[in-house]
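Data file: entry.txt. Format and content: compact mmCIF, C-alpha atoms.
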```
# COMPACT_ATOMS: atom_id res chain seq x y z
CA MET A 23 0.00 0.00 0.00
CA ASN A 24 1.56 3.27 -1.04
CA LYS A 25 1.28 6.03 1.57
CA VAL A 26 3.72 8.44 -0.03
CA VAL A 27 2.79 12.04 -0.69
CA ASP A 28 5.09 14.30 -2.72
CA ASN A 29 5.82 16.94 -0.16
CA VAL A 30 4.87 18.62 3.09
CA GLU A 31 2.26 20.80 1.36
CA LYS A 32 0.32 17.72 0.26
CA ALA A 33 0.91 15.97 3.58
CA CYS A 34 -0.80 18.76 5.52
CA ILE A 35 -3.88 19.10 3.31
CA GLY A 36 -7.05 19.00 5.39
CA ILE A 37 -5.67 20.52 8.57
CA GLU A 38 -8.22 23.18 9.48
CA ASN A 39 -8.77 25.86 12.08
CA GLY A 40 -9.88 24.51 15.45
CA MET A 41 -8.53 21.00 14.98
CA THR A 42 -6.67 18.90 17.56
CA ILE A 43 -3.15 18.00 16.47
CA MET A 44 -0.66 15.68 18.15
CA LEU A 45 3.01 16.43 17.53
CA GLY A 46 5.78 14.00 18.44
CA GLY A 47 9.04 14.99 20.10
CA PHE A 48 10.66 15.54 23.48
CA GLY A 49 12.01 19.04 23.77
CA LEU A 50 13.37 19.65 20.28
CA CYS A 51 14.40 16.01 19.85
CA GLY A 52 12.38 14.12 17.25
CA ILE A 53 10.00 16.95 16.33
CA PRO A 54 8.39 17.12 12.87
CA GLU A 55 10.27 20.22 11.72
CA ASN A 56 8.99 20.29 8.14
CA SER A 57 5.33 20.00 9.12
CA ILE A 58 5.61 22.65 11.83
CA SER A 59 7.04 25.07 9.24
CA GLN A 60 4.16 24.20 6.92
CA LEU A 61 1.58 24.89 9.66
CA VAL A 62 3.22 28.28 10.18
CA LYS A 63 2.94 28.93 6.45
CA LEU A 64 -0.70 27.83 6.36
CA GLY A 65 -1.52 30.03 9.35
CA THR A 66 -4.07 27.51 10.65
CA LYS A 67 -5.54 28.94 13.85
CA GLU A 68 -7.30 27.93 17.07
CA LEU A 69 -5.35 24.70 17.21
CA THR A 70 -5.32 22.40 20.21
CA CYS A 71 -1.82 20.93 20.27
CA ILE A 72 -0.96 17.79 22.20
CA SER A 73 2.80 17.63 22.61
CA ASN A 74 5.04 16.82 25.56
CA ASN A 75 6.68 20.27 25.32
CA ALA A 76 6.04 23.56 23.56
CA GLY A 77 9.37 24.12 21.83
CA VAL A 78 11.54 27.17 22.45
CA ASP A 79 10.81 30.77 21.47
CA ASP A 80 12.11 30.55 17.91
CA PHE A 81 11.94 26.84 17.10
CA GLY A 82 9.56 23.92 17.22
CA LEU A 83 6.06 24.66 18.51
CA GLY A 84 7.36 28.05 19.66
CA LEU A 85 6.96 29.13 16.01
CA LEU A 86 3.22 28.40 16.12
CA LEU A 87 2.94 30.24 19.43
CA GLN A 88 4.69 33.31 18.02
CA ASN A 89 2.10 33.26 15.25
CA HIS A 90 -0.81 32.96 17.73
CA GLN A 91 -2.02 29.76 16.08
CA ILE A 92 -2.46 27.71 19.26
CA LYS A 93 -5.57 28.03 21.41
CA LYS A 94 -4.76 25.24 23.83
CA MET A 95 -1.65 23.23 24.74
CA ILE A 96 -1.81 19.79 26.33
CA SER A 97 1.70 19.03 27.63
CA SER A 98 3.70 17.77 30.60
CA TYR A 99 6.43 20.44 30.70
CA VAL A 100 6.47 23.84 29.07
CA GLY A 101 9.48 25.73 30.46
CA GLU A 102 12.17 27.35 28.27
CA ASN A 103 9.68 29.50 26.36
CA ASP A 104 9.08 33.20 27.14
CA GLU A 105 6.31 33.71 24.59
CA PHE A 106 4.48 30.70 26.00
CA GLU A 107 4.70 32.19 29.49
CA ARG A 108 3.44 35.56 28.29
CA GLN A 109 0.44 34.08 26.46
CA MET A 110 -0.41 31.79 29.35
CA LEU A 111 -0.27 34.51 32.00
CA SER A 112 -2.32 36.89 29.84
CA GLY A 113 -4.97 34.21 29.35
CA GLU A 114 -4.55 34.04 25.55
CA LEU A 115 -3.44 30.44 25.80
CA GLU A 116 -5.22 27.63 27.58
CA VAL A 117 -2.88 25.06 29.12
CA ASP A 118 -3.58 21.55 30.37
CA LEU A 119 -0.61 20.05 32.20
CA ILE A 120 -0.54 16.27 32.46
CA PRO A 121 2.00 13.94 34.11
CA GLN A 122 4.35 12.73 31.38
CA GLY A 123 3.63 9.03 31.82
CA SER A 124 -0.11 9.66 31.84
CA LEU A 125 0.22 11.74 28.68
CA ALA A 126 2.12 8.93 26.93
CA GLU A 127 -0.34 6.29 28.11
CA ARG A 128 -3.37 8.41 27.19
CA CYS A 129 -2.07 8.65 23.62
CA ARG A 130 -1.30 4.93 23.56
CA ALA A 131 -4.78 4.17 24.91
CA GLY A 132 -6.33 6.45 22.29
CA GLY A 133 -4.60 4.50 19.55
CA ALA A 134 -5.27 1.13 21.14
CA GLY A 135 -9.04 1.50 21.61
CA ILE A 136 -8.90 1.71 25.39
CA PRO A 137 -11.17 4.57 26.49
CA ALA A 138 -9.68 5.06 29.95
CA PHE A 139 -7.35 3.52 32.51
CA PHE A 140 -6.36 3.82 36.16
CA THR A 141 -2.93 5.13 37.15
CA PRO A 142 -1.41 6.04 40.53
CA ALA A 143 0.27 9.15 39.03
CA GLY A 144 -1.24 12.35 40.36
CA TYR A 145 -3.33 10.81 43.13
CA GLY A 146 -3.69 13.29 46.01
CA THR A 147 -2.59 16.21 43.81
CA GLU A 148 -4.50 18.82 41.81
CA VAL A 149 -4.20 16.55 38.76
CA ALA A 150 -6.71 14.22 40.46
CA GLU A 151 -9.37 16.90 40.96
CA GLY A 152 -12.71 15.75 39.55
CA LYS A 153 -11.38 12.33 38.59
CA GLU A 154 -12.69 8.98 39.80
CA VAL A 155 -10.46 7.33 42.42
CA ARG A 156 -10.39 3.58 42.89
CA GLU A 157 -8.22 1.37 45.03
CA PHE A 158 -6.33 -1.56 43.52
CA ASN A 159 -4.05 -3.75 45.66
CA GLY A 160 -4.50 -1.32 48.52
CA LYS A 161 -3.27 1.66 46.52
CA PRO A 162 -5.41 4.54 45.22
CA HIS A 163 -5.46 5.22 41.48
CA ILE A 164 -7.13 7.88 39.35
CA LEU A 165 -9.09 7.40 36.14
CA GLU A 166 -7.47 8.98 33.08
CA SER A 167 -9.11 9.09 29.65
CA ALA A 168 -7.67 8.32 26.23
CA LEU A 169 -6.49 11.05 23.87
CA THR A 170 -6.94 11.07 20.11
CA ALA A 171 -6.36 13.74 17.49
CA ASP A 172 -7.69 14.84 14.11
CA TYR A 173 -4.12 14.71 12.88
CA ALA A 174 -1.00 13.24 14.45
CA ILE A 175 2.28 14.48 13.02
CA VAL A 176 5.37 12.40 13.74
CA LYS A 177 9.00 12.36 12.71
CA ALA A 178 11.01 9.21 12.06
CA TRP A 179 14.56 8.45 10.99
CA LYS A 180 13.64 5.96 8.28
CA GLY A 181 10.37 5.10 6.67
CA ASP A 182 9.23 3.10 3.68
CA THR A 183 6.56 3.71 1.08
CA ALA A 184 4.18 1.45 3.05
CA GLY A 185 4.41 3.81 6.03
CA ASN A 186 6.56 1.59 8.26
CA LEU A 187 8.74 3.64 10.59
CA ILE A 188 12.08 3.30 12.38
CA PHE A 189 13.20 5.88 14.92
CA LYS A 190 16.70 6.78 16.06
CA GLY A 191 17.99 7.21 19.62
CA THR A 192 15.80 9.12 22.01
CA ALA A 193 14.06 10.83 19.08
CA ARG A 194 11.48 8.04 19.36
CA ASN A 195 9.83 9.36 22.56
CA PHE A 196 6.15 10.25 21.95
CA ASN A 197 6.18 9.63 18.19
CA PRO A 198 4.99 5.97 18.18
CA MET A 199 1.99 6.46 20.49
CA MET A 200 0.94 9.62 18.69
CA ALA A 201 1.18 7.84 15.34
CA MET A 202 -1.30 5.32 16.74
CA ALA A 203 -3.68 7.95 18.11
CA GLY A 204 -4.16 10.14 15.03
CA LYS A 205 -7.30 9.80 12.89
CA ILE A 206 -4.90 10.80 10.12
CA THR A 207 -1.22 10.34 10.84
CA ILE A 208 1.42 12.20 8.87
CA ALA A 209 4.97 10.88 9.09
CA GLU A 210 7.93 12.91 7.90
CA VAL A 211 11.15 10.95 7.62
CA GLU A 212 14.83 11.66 7.09
CA ASN A 213 15.18 8.71 4.75
CA LEU A 214 12.28 7.41 2.65
CA VAL A 215 12.96 4.04 1.02
CA PRO A 216 10.93 1.65 -1.16
CA ALA A 217 8.86 -1.00 0.63
CA GLY A 218 11.01 -4.09 1.14
CA GLU A 219 14.18 -2.25 2.00
CA LEU A 220 13.55 -2.09 5.73
CA ASP A 221 13.97 -5.29 7.72
CA PRO A 222 10.46 -6.13 9.04
CA ASN A 223 12.11 -7.27 12.29
CA GLN A 224 13.43 -3.78 12.94
CA ILE A 225 10.25 -1.76 12.38
CA HIS A 226 9.07 0.26 15.38
CA ILE A 227 5.69 1.39 14.06
CA ALA A 228 3.80 -0.56 11.41
CA GLY A 229 2.44 1.26 8.38
CA ILE A 230 -1.17 0.60 9.44
CA PHE A 231 -0.86 3.59 11.79
CA VAL A 232 0.44 5.94 9.08
CA GLN A 233 -1.79 7.48 6.40
CA ARG A 234 0.71 9.84 4.73
CA ILE A 235 4.49 9.71 4.57
CA PHE A 236 6.96 12.04 2.90
CA GLN A 237 10.69 12.62 2.56
CA GLY A 238 11.54 15.54 4.84
CA LYS A 239 14.31 17.99 4.04
CA GLY A 240 16.65 20.53 5.55
CA TYR A 241 16.54 19.20 9.11
CA GLU A 242 18.12 21.60 11.56
CA LYS A 243 17.89 19.23 14.55
CA ARG A 244 18.62 21.96 17.02
CA ILE A 245 20.12 20.95 20.37
CA GLU A 246 18.43 22.55 23.37
CA GLN A 247 21.09 21.89 26.04
CA ARG A 248 24.48 21.21 24.50
CA THR A 249 26.48 19.51 27.25
CA VAL A 250 29.91 18.09 26.52
CA ARG A 251 33.05 17.04 28.29
CA GLN A 252 36.59 17.70 27.12
CA LYS A 253 38.73 14.90 25.74
CA PRO A 254 41.34 13.91 28.31
CA MET B 6 30.61 21.23 57.90
CA ALA B 7 27.40 20.94 55.96
CA LEU B 8 27.69 18.96 52.73
CA ASP B 9 27.98 20.57 49.33
CA LYS B 10 25.92 19.32 46.39
CA ASP B 11 28.59 16.87 45.27
CA GLN B 12 28.82 15.39 48.75
CA ILE B 13 25.03 14.96 48.96
CA ALA B 14 25.27 13.05 45.67
CA GLN B 15 28.23 11.06 47.00
CA ARG B 16 26.25 10.03 50.10
CA ILE B 17 23.26 8.97 48.00
CA ALA B 18 25.55 6.91 45.77
CA GLN B 19 26.32 4.77 48.84
CA GLU B 20 22.69 3.59 48.70
CA LEU B 21 23.19 2.02 45.25
CA THR B 22 23.05 -1.74 45.02
CA ASP B 23 24.66 -3.84 42.32
CA GLY B 24 22.26 -4.60 39.48
CA TRP B 25 19.83 -1.74 40.12
CA TYR B 26 18.13 0.33 37.45
CA VAL B 27 18.09 3.94 38.63
CA ASN B 28 16.29 7.09 37.51
CA LEU B 29 18.04 10.34 38.40
CA GLY B 30 16.18 13.64 38.36
CA ILE B 31 17.56 17.02 37.32
CA GLY B 32 19.97 18.92 39.60
CA ILE B 33 21.79 17.28 42.53
CA PRO B 34 20.42 13.80 41.58
CA THR B 35 22.26 13.93 38.23
CA LEU B 36 25.55 14.20 40.14
CA VAL B 37 25.00 10.77 41.74
CA ALA B 38 26.25 9.19 38.51
CA ASN B 39 29.72 10.62 39.24
CA PHE B 40 30.09 8.68 42.52
CA ILE B 41 29.14 5.09 41.78
CA PRO B 42 31.04 2.96 44.33
CA GLU B 43 33.67 0.60 43.00
CA GLY B 44 32.47 -2.90 42.18
CA ILE B 45 28.87 -1.78 41.74
CA GLU B 46 27.14 -1.85 38.39
CA VAL B 47 23.94 0.14 37.91
CA GLU B 48 22.12 1.26 34.79
CA PHE B 49 20.60 4.70 34.48
CA GLN B 50 17.17 5.20 32.99
CA SER B 51 16.10 8.53 31.56
CA GLU B 52 12.36 8.78 31.11
CA ASN B 53 12.52 10.25 27.61
CA GLY B 54 13.50 6.78 26.44
CA ILE B 55 16.91 5.32 27.26
CA LEU B 56 18.31 2.66 29.57
CA GLY B 57 22.06 2.64 29.89
CA MET B 58 22.65 6.35 29.79
CA GLY B 59 26.32 7.28 29.69
CA PRO B 60 28.27 10.49 30.39
CA PHE B 61 28.10 13.69 28.34
CA PRO B 62 29.65 13.32 24.87
CA PHE B 63 33.08 14.67 23.99
CA ASP B 64 33.06 18.12 22.42
CA GLY B 65 32.12 17.72 18.76
CA GLU B 66 30.51 14.30 19.22
CA GLU B 67 27.03 15.51 20.30
CA ASP B 68 24.07 13.83 18.65
CA ALA B 69 20.79 15.80 18.51
CA ASP B 70 18.92 12.48 18.57
CA LEU B 71 20.45 11.45 21.89
CA ILE B 72 19.41 13.47 24.93
CA ASN B 73 18.30 12.91 28.52
CA ALA B 74 15.10 14.08 30.20
CA GLY B 75 16.83 17.38 31.01
CA LYS B 76 17.29 17.78 27.23
CA GLN B 77 21.07 17.59 27.63
CA THR B 78 23.18 15.75 25.07
CA ILE B 79 24.35 12.38 26.41
CA THR B 80 25.97 9.14 25.28
CA ALA B 81 24.78 5.56 25.45
CA MET B 82 26.69 2.83 27.32
CA LYS B 83 27.35 -0.61 25.85
CA GLY B 84 24.13 -2.59 26.18
CA ALA B 85 21.93 0.51 26.16
CA ALA B 86 18.37 0.40 24.82
CA TYR B 87 16.01 3.02 23.43
CA PHE B 88 12.23 2.92 23.72
CA ASP B 89 9.15 5.10 23.46
CA SER B 90 7.68 7.19 26.27
CA ALA B 91 4.82 4.77 27.06
CA THR B 92 7.31 1.92 27.49
CA SER B 93 9.54 4.16 29.57
CA PHE B 94 6.75 4.88 32.03
CA ALA B 95 5.72 1.23 31.99
CA MET B 96 9.18 0.57 33.43
CA ILE B 97 8.58 3.22 36.07
CA ARG B 98 4.93 2.48 36.89
CA GLY B 99 5.56 -1.24 36.72
CA GLN B 100 8.30 -0.87 39.36
CA HIS B 101 11.06 -2.26 37.17
CA VAL B 102 13.22 0.70 38.18
CA GLN B 103 14.61 0.09 41.67
CA LEU B 104 15.51 3.61 42.72
CA THR B 105 14.38 7.12 41.91
CA VAL B 106 16.41 10.09 43.13
CA LEU B 107 14.87 13.51 42.76
CA GLY B 108 14.99 17.03 44.09
CA ALA B 109 12.21 18.73 46.07
CA MET B 110 11.04 22.11 47.26
CA GLU B 111 9.31 20.58 50.30
CA VAL B 112 8.94 17.17 51.94
CA SER B 113 6.45 16.47 54.72
CA GLU B 114 6.96 14.19 57.72
CA ASN B 115 4.55 11.63 56.22
CA GLY B 116 6.49 11.45 52.94
CA ASP B 117 4.50 13.89 50.79
CA ILE B 118 6.60 15.75 48.24
CA ALA B 119 6.12 19.10 46.48
CA ASN B 120 8.49 19.93 43.64
CA TRP B 121 6.61 21.18 40.59
CA LYS B 122 4.66 24.33 41.18
CA ILE B 123 4.80 27.62 43.07
CA PRO B 124 1.39 29.33 42.91
CA GLY B 125 1.56 32.80 41.41
CA LYS B 126 4.79 32.03 39.61
CA MET B 127 5.27 30.60 36.15
CA VAL B 128 4.09 27.01 36.06
CA LYS B 129 6.38 24.89 33.94
CA GLY B 130 4.70 21.56 34.49
CA MET B 131 5.38 18.37 36.35
CA GLY B 132 7.08 16.49 33.53
CA GLY B 133 7.52 12.91 34.71
CA ALA B 134 7.79 13.69 38.43
CA MET B 135 4.24 12.68 39.38
CA ASP B 136 4.52 9.33 37.61
CA LEU B 137 7.90 8.70 39.21
CA VAL B 138 6.89 9.47 42.79
CA ALA B 139 3.55 7.67 42.56
CA SER B 140 5.11 4.44 41.36
CA ALA B 141 8.67 3.99 42.53
CA ASP B 142 9.17 1.70 45.51
CA ASN B 143 12.29 3.46 46.68
CA ILE B 144 12.42 7.23 46.46
CA ILE B 145 15.29 9.29 47.81
CA VAL B 146 15.02 13.05 47.86
CA ALA B 147 18.24 15.03 47.39
CA MET B 148 17.95 18.64 48.50
CA MET B 149 19.23 21.40 50.75
CA HIS B 150 17.73 21.28 54.25
CA THR B 151 16.50 24.88 54.04
CA ASN B 152 15.49 27.18 51.19
CA LYS B 153 17.22 30.38 50.10
CA LYS B 154 15.34 32.33 52.78
CA GLY B 155 16.64 29.93 55.42
CA GLU B 156 13.24 28.29 55.93
CA SER B 157 13.01 24.56 56.57
CA LYS B 158 12.08 22.33 53.62
CA LEU B 159 11.28 19.43 55.96
CA LEU B 160 7.79 20.24 57.18
CA LYS B 161 4.82 18.85 59.07
CA ASN B 162 2.69 19.46 55.96
CA CYS B 163 3.77 20.72 52.55
CA SER B 164 2.55 24.24 51.82
CA LEU B 165 3.08 23.99 48.05
CA PRO B 166 0.92 21.97 45.62
CA LEU B 167 1.82 18.30 45.98
CA THR B 168 3.60 16.11 43.45
CA GLY B 169 2.75 12.93 45.35
CA VAL B 170 1.51 11.72 48.73
CA GLY B 171 3.23 9.43 51.22
CA CYS B 172 5.88 8.34 48.75
CA VAL B 173 9.28 9.58 49.96
CA LYS B 174 11.34 7.00 51.87
CA LYS B 175 14.53 8.86 52.58
CA VAL B 176 15.87 12.42 52.42
CA VAL B 177 19.55 13.29 52.06
CA THR B 178 20.28 16.96 52.72
CA ASN B 179 23.36 19.08 53.33
CA LEU B 180 22.84 18.42 57.05
CA GLY B 181 22.07 14.73 57.27
CA VAL B 182 20.26 11.56 56.24
CA LEU B 183 16.67 11.21 57.37
CA GLU B 184 14.15 8.43 56.97
CA ILE B 185 10.39 8.88 56.90
CA ALA B 186 9.32 6.95 59.99
CA GLU B 187 6.35 4.59 60.16
CA GLY B 188 3.49 6.74 61.42
CA GLY B 189 5.21 10.00 60.42
CA GLY B 190 8.27 11.99 61.34
CA PHE B 191 11.82 12.42 60.08
CA LYS B 192 14.04 9.85 61.77
CA LEU B 193 17.59 11.18 61.81
CA LEU B 194 19.92 8.40 60.68
CA GLU B 195 23.18 10.29 60.12
CA ARG B 196 24.60 13.76 60.60
CA ALA B 197 26.85 15.55 58.12
CA PRO B 198 30.41 15.68 59.51
CA GLY B 199 30.62 18.29 62.26
CA VAL B 200 26.91 19.14 62.19
CA SER B 201 25.17 18.77 65.55
CA VAL B 202 21.76 17.29 66.27
CA GLU B 203 20.75 20.72 67.60
CA GLU B 204 21.58 22.39 64.28
CA ILE B 205 19.50 19.81 62.42
CA GLN B 206 16.65 20.22 64.90
CA LYS B 207 16.71 23.98 64.34
CA ALA B 208 16.52 23.55 60.56
CA THR B 209 13.69 20.99 60.68
CA ASP B 210 10.09 22.20 61.06
CA GLY B 211 8.51 18.76 60.90
CA LYS B 212 8.79 16.21 63.69
CA LEU B 213 12.41 15.08 64.11
CA ILE B 214 12.90 11.67 65.66
CA ILE B 215 16.19 11.02 67.45
CA LYS B 216 16.90 7.56 68.78
CA GLY B 217 20.14 7.13 70.69
CA GLU B 218 23.46 8.43 69.44
CA VAL B 219 23.20 9.65 65.82
CA PRO B 220 26.40 8.79 63.95
CA GLU B 221 28.31 11.10 61.62
CA MET B 222 28.19 9.99 58.01
CA VAL B 223 31.30 8.58 56.39
CA LEU B 224 31.99 9.77 52.86
```

Let me see the structure of the file written as structure tokens.
Amino acid sequence: MNKVVDNVEKACIGIENGMTIMLGGFGLCGIPENSISQLVKLGTKELTCISNNAGVDDFGLGLLLQNHQIKKMISSYVGENDEFERQMLSGELEVDLIPQGSLAERCRAGGAGIPAFFTPAGYGTEVAEGKEVREFNGKPHILESALTADYAIVKAWKGDTAGNLIFKGTARNFNPMMAMAGKITIAEVENLVPAGELDPNQIHIAGIFVQRIFQGKGYEKRIEQRTVRQKP
Amino acid sequence: MALDKDQIAQRIAQELTDGWYVNLGIGIPTLVANFIPEGIEVEFQSENGILGMGPFPFDGEEDADLINAGKQTITAMKGAAYFDSATSFAMIRGQHVQLTVLGAMEVSENGDIANWKIPGKMVKGMGGAMDLVASADNIIVAMMHTNKKGESKLLKNCSLPLTGVGCVKKVVTNLGVLEIAEGGGFKLLERAPGVSVEEIQKATDGKLIIKGEVPEMVL
């Protein structure tokens, strides 16, 4: 089955104002750079973005924030972004903060057809407010619901024309679960190869979860915290 | 003398047991990796998706696709593995990680911890902290005994929004090692070299439990 689209313009067709979009990545690692630039170009507004972080001021989701395209962010950690802070404090931006493991599992559940699940994370904190509490094995848990999205946009290292994906290093992070949870999933990849070239044993996400795939270009892959040691 | 941050990390490293998988939080906890006792092998997990995290890369060898949960560039040890975020928290929630070390703004005498939010200030989010504290069997808090204003961080009740309830087992501060006692209270296990019980008492707002002679720690 051929999932290939020519370019990012075609990949992002159908994304409209007010939609819910999942975007893979942890910090700036493994973010769909090409698609974010395209969303900036399209100027799509009132978006609800589900992403672990919100980028930095001038890169990643920070670009959509600068452009006032995001109505609501659903994330676990949003530091490192002055424009985000300004919009949040002024009330322009709605923010829903979720424990990172619950965020990952809610995406996974959304893709796996599980409407809700119990987790101990957040019990006894403000995250638990209004949520059902139930005890299992003597320990209280809270009920968390699944997340899905109109579009999920993910970034992979390699992909084939059938939409199978392989990630590299810690750039995998939220990308696989989000790929599963999108009604339409767009995958941008650093290396697009013909079906049959990837070893089926090595595939991280099967093409069934991917509706559109394209060869990305010009990846900047910015490093947020460059930390090194000197050679002895 | 009260301990510096490196010495707090060094003391916590003495708690490591051969064969453990360990998650280190940002700040003082990260330093624990520098003091692994000889003959002990542990593997570090970073919740963004790596087991077998190694030291920072050499200058010029950074890889944008290889970072830790603090978004710092890292390396991978031999035998490392990468995985997605759901799997990472399955390891944590499923108690496959034996020890979590993290920082805190406040700890209460019944083991509650607050470390993610100061009302009225910018809220950055809890990241993975709530999942970590709710699930880990063995949680050690690494922090200074008092805040910048000199106020105790070991309290009867936390005043800040909680990250988790009744989850902290042990606290290592610049002044000593304390255990959350059954039924509540900070049981003083060790004093930092040259620090008196009275000094620790003065810096502790929550209930301090002293049983017999409290030894000085050996670093």

Select, as an mmCIF file with C-alpha atoms, in the coordinates of the input, those residues of chain B with any atom no more than 9 Å from chain A (distances computed using all atoms listed in the file).
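Contents of iface27.cif, as written:
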```cif
data_model
loop_
_atom_site.group_PDB
_atom_site.id
_atom_site.type_symbol
_atom_site.label_atom_id
_atom_site.label_comp_id
_atom_site.auth_asym_id
_atom_site.auth_seq_id
_atom_site.Cartn_x
_atom_site.Cartn_y
_atom_site.Cartn_z
ATOM 1 C CA GLU B 52 12.360 8.780 31.110
ATOM 2 C CA ASN B 53 12.520 10.250 27.610
ATOM 3 C CA GLY B 54 13.500 6.780 26.440
ATOM 4 C CA ILE B 55 16.910 5.320 27.260
ATOM 5 C CA PRO B 60 28.270 10.490 30.390
ATOM 6 C CA PHE B 61 28.100 13.690 28.340
ATOM 7 C CA PRO B 62 29.650 13.320 24.870
ATOM 8 C CA PHE B 63 33.080 14.670 23.990
ATOM 9 C CA ASP B 64 33.060 18.120 22.420
ATOM 10 C CA GLY B 65 32.120 17.720 18.760
ATOM 11 C CA GLU B 66 30.510 14.300 19.220
ATOM 12 C CA GLU B 67 27.030 15.510 20.300
ATOM 13 C CA ASP B 68 24.070 13.830 18.650
ATOM 14 C CA ALA B 69 20.790 15.800 18.510
ATOM 15 C CA ASP B 70 18.920 12.480 18.570
ATOM 16 C CA LEU B 71 20.450 11.450 21.890
ATOM 17 C CA ILE B 72 19.410 13.470 24.930
ATOM 18 C CA ASN B 73 18.300 12.910 28.520
ATOM 19 C CA ALA B 74 15.100 14.080 30.200
ATOM 20 C CA GLY B 75 16.830 17.380 31.010
ATOM 21 C CA LYS B 76 17.290 17.780 27.230
ATOM 22 C CA GLN B 77 21.070 17.590 27.630
ATOM 23 C CA THR B 78 23.180 15.750 25.070
ATOM 24 C CA ILE B 79 24.350 12.380 26.410
ATOM 25 C CA ALA B 86 18.370 0.400 24.820
ATOM 26 C CA TYR B 87 16.010 3.020 23.430
ATOM 27 C CA PHE B 88 12.230 2.920 23.720
ATOM 28 C CA ASP B 89 9.150 5.100 23.460
ATOM 29 C CA SER B 90 7.680 7.190 26.270
ATOM 30 C CA ALA B 91 4.820 4.770 27.060
ATOM 31 C CA THR B 92 7.310 1.920 27.490
ATOM 32 C CA SER B 93 9.540 4.160 29.570
ATOM 33 C CA PHE B 94 6.750 4.880 32.030
ATOM 34 C CA ALA B 95 5.720 1.230 31.990
ATOM 35 C CA ILE B 97 8.580 3.220 36.070
ATOM 36 C CA ARG B 98 4.930 2.480 36.890
ATOM 37 C CA MET B 127 5.270 30.600 36.150
ATOM 38 C CA VAL B 128 4.090 27.010 36.060
ATOM 39 C CA LYS B 129 6.380 24.890 33.940
ATOM 40 C CA GLY B 130 4.700 21.560 34.490
ATOM 41 C CA MET B 131 5.380 18.370 36.350
ATOM 42 C CA GLY B 132 7.080 16.490 33.530
ATOM 43 C CA GLY B 133 7.520 12.910 34.710
ATOM 44 C CA ALA B 134 7.790 13.690 38.430
ATOM 45 C CA MET B 135 4.240 12.680 39.380
ATOM 46 C CA ASP B 136 4.520 9.330 37.610
ATOM 47 C CA LEU B 137 7.900 8.700 39.210
ATOM 48 C CA VAL B 138 6.890 9.470 42.790
ATOM 49 C CA ALA B 139 3.550 7.670 42.560
ATOM 50 C CA SER B 140 5.110 4.440 41.360
ATOM 51 C CA PRO B 166 0.920 21.970 45.620
ATOM 52 C CA LEU B 167 1.820 18.300 45.980
ATOM 53 C CA THR B 168 3.600 16.110 43.450
ATOM 54 C CA GLY B 169 2.750 12.930 45.350
ATOM 55 C CA VAL B 170 1.510 11.720 48.730
#
```

### Query
Taking (17.1, 17.7, 61.7) in the file's coordinates as the center, which residues reach within 12 Å of it, counting all atoms listed in the file, put as a PyMOL selection string?
chain B and resi 114+149-151+157-160+176-184+190-197+200-215+219

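For the set A:Ser73, A:Asn39, A:Gln233, A:Ser59, the residue with the smallest atom-to-atom gap to Lys93 of chain A is A:Asn39, counting all atoms listed in the file.
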
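One distance worth recording is that between atom CA of Ile72 of chain A and atom CA of Leu165 of chain B, which is 26.9 Å.
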
#### Entry: Contacts of Glu68 of chain A within 10 Å, only C-alpha atoms, excl. fewer than 3 positions in-chain, as a PyMOL selection string
chain A and resi 38-42+65+71+90-94+115

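Remark: for Lys25 of chain A, the closest of the candidate residues A:Lys180, A:Lys205, A:Arg234, A:Lys239 is A:Arg234 (distances computed over all atoms listed in the file).
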
### Selected residue of minimal separation from Gln103 of chain B among B:Ala186, B:Leu8, B:Val47, B:Val37, counting all atoms listed in the file
B:Val47

### Query
So how far away is atom CA of Val27 of chain B from atom CA of Ala138 of chain A, in Å?
29.1 Å

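Compared by their closest atoms to Val176 of chain A, and using all atoms listed in the file, the residues A:Ala150, A:Ala209, A:Val78, A:Ile43 rank with A:Ala209 nearest.
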
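Shortest separation to Ile123 of chain B among B:Phe40, B:Leu56, B:Glu111, B:Lys216 occurs at residue B:Glu111, atoms counted being only C-alpha atoms.
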
### Task
Do a neighbour search on Asp182 of chain A at 12 Å with all atoms listed in the file, toss out local chain neighbours closer than 6 positions, and write the hits as a list in words.
Met23, Asn24, Lys25, Val26, Val27, Ile188, Ala209, Glu210, Val211, Glu212, Asn213, Leu214, Val215, Pro216, Ala217, Gly218, Glu219, Leu220, Asp221, Pro222, Ile225, Ile227, Ala228, Gly229, Val232, Arg234, Ile235, Phe236 and Gln237 of chain A

Where is the centre and how long are the edges: axis-aligned box on segment 239-245 of chain A, 3 Å on each side, Å to one decimal, as AutoDock Vina command-line options:
```
--center_x 17.2 --center_y 20.0 --center_z 12.2 --size_x 11.8 --size_y 10.0 --size_z 22.3
```

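Atom CA of Glu105 of chain A is found 10.4 Å from atom CA of Gly77 of chain A.
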
### Spatial neighbours of segment 105-109 of chain B, 8 Å, all atoms listed in the file, chain gap at least 3 places, as a list in words
Val27, Asn28, Leu29, Gly30, Ile31, Gly32, Ile33, Pro34, Val102, Val112, Ile118, Ala119, Asn120, Leu137, Val138, Ala141, Asn143, Ile144, Ile145, Val146, Ala147 and Met148 of chain B
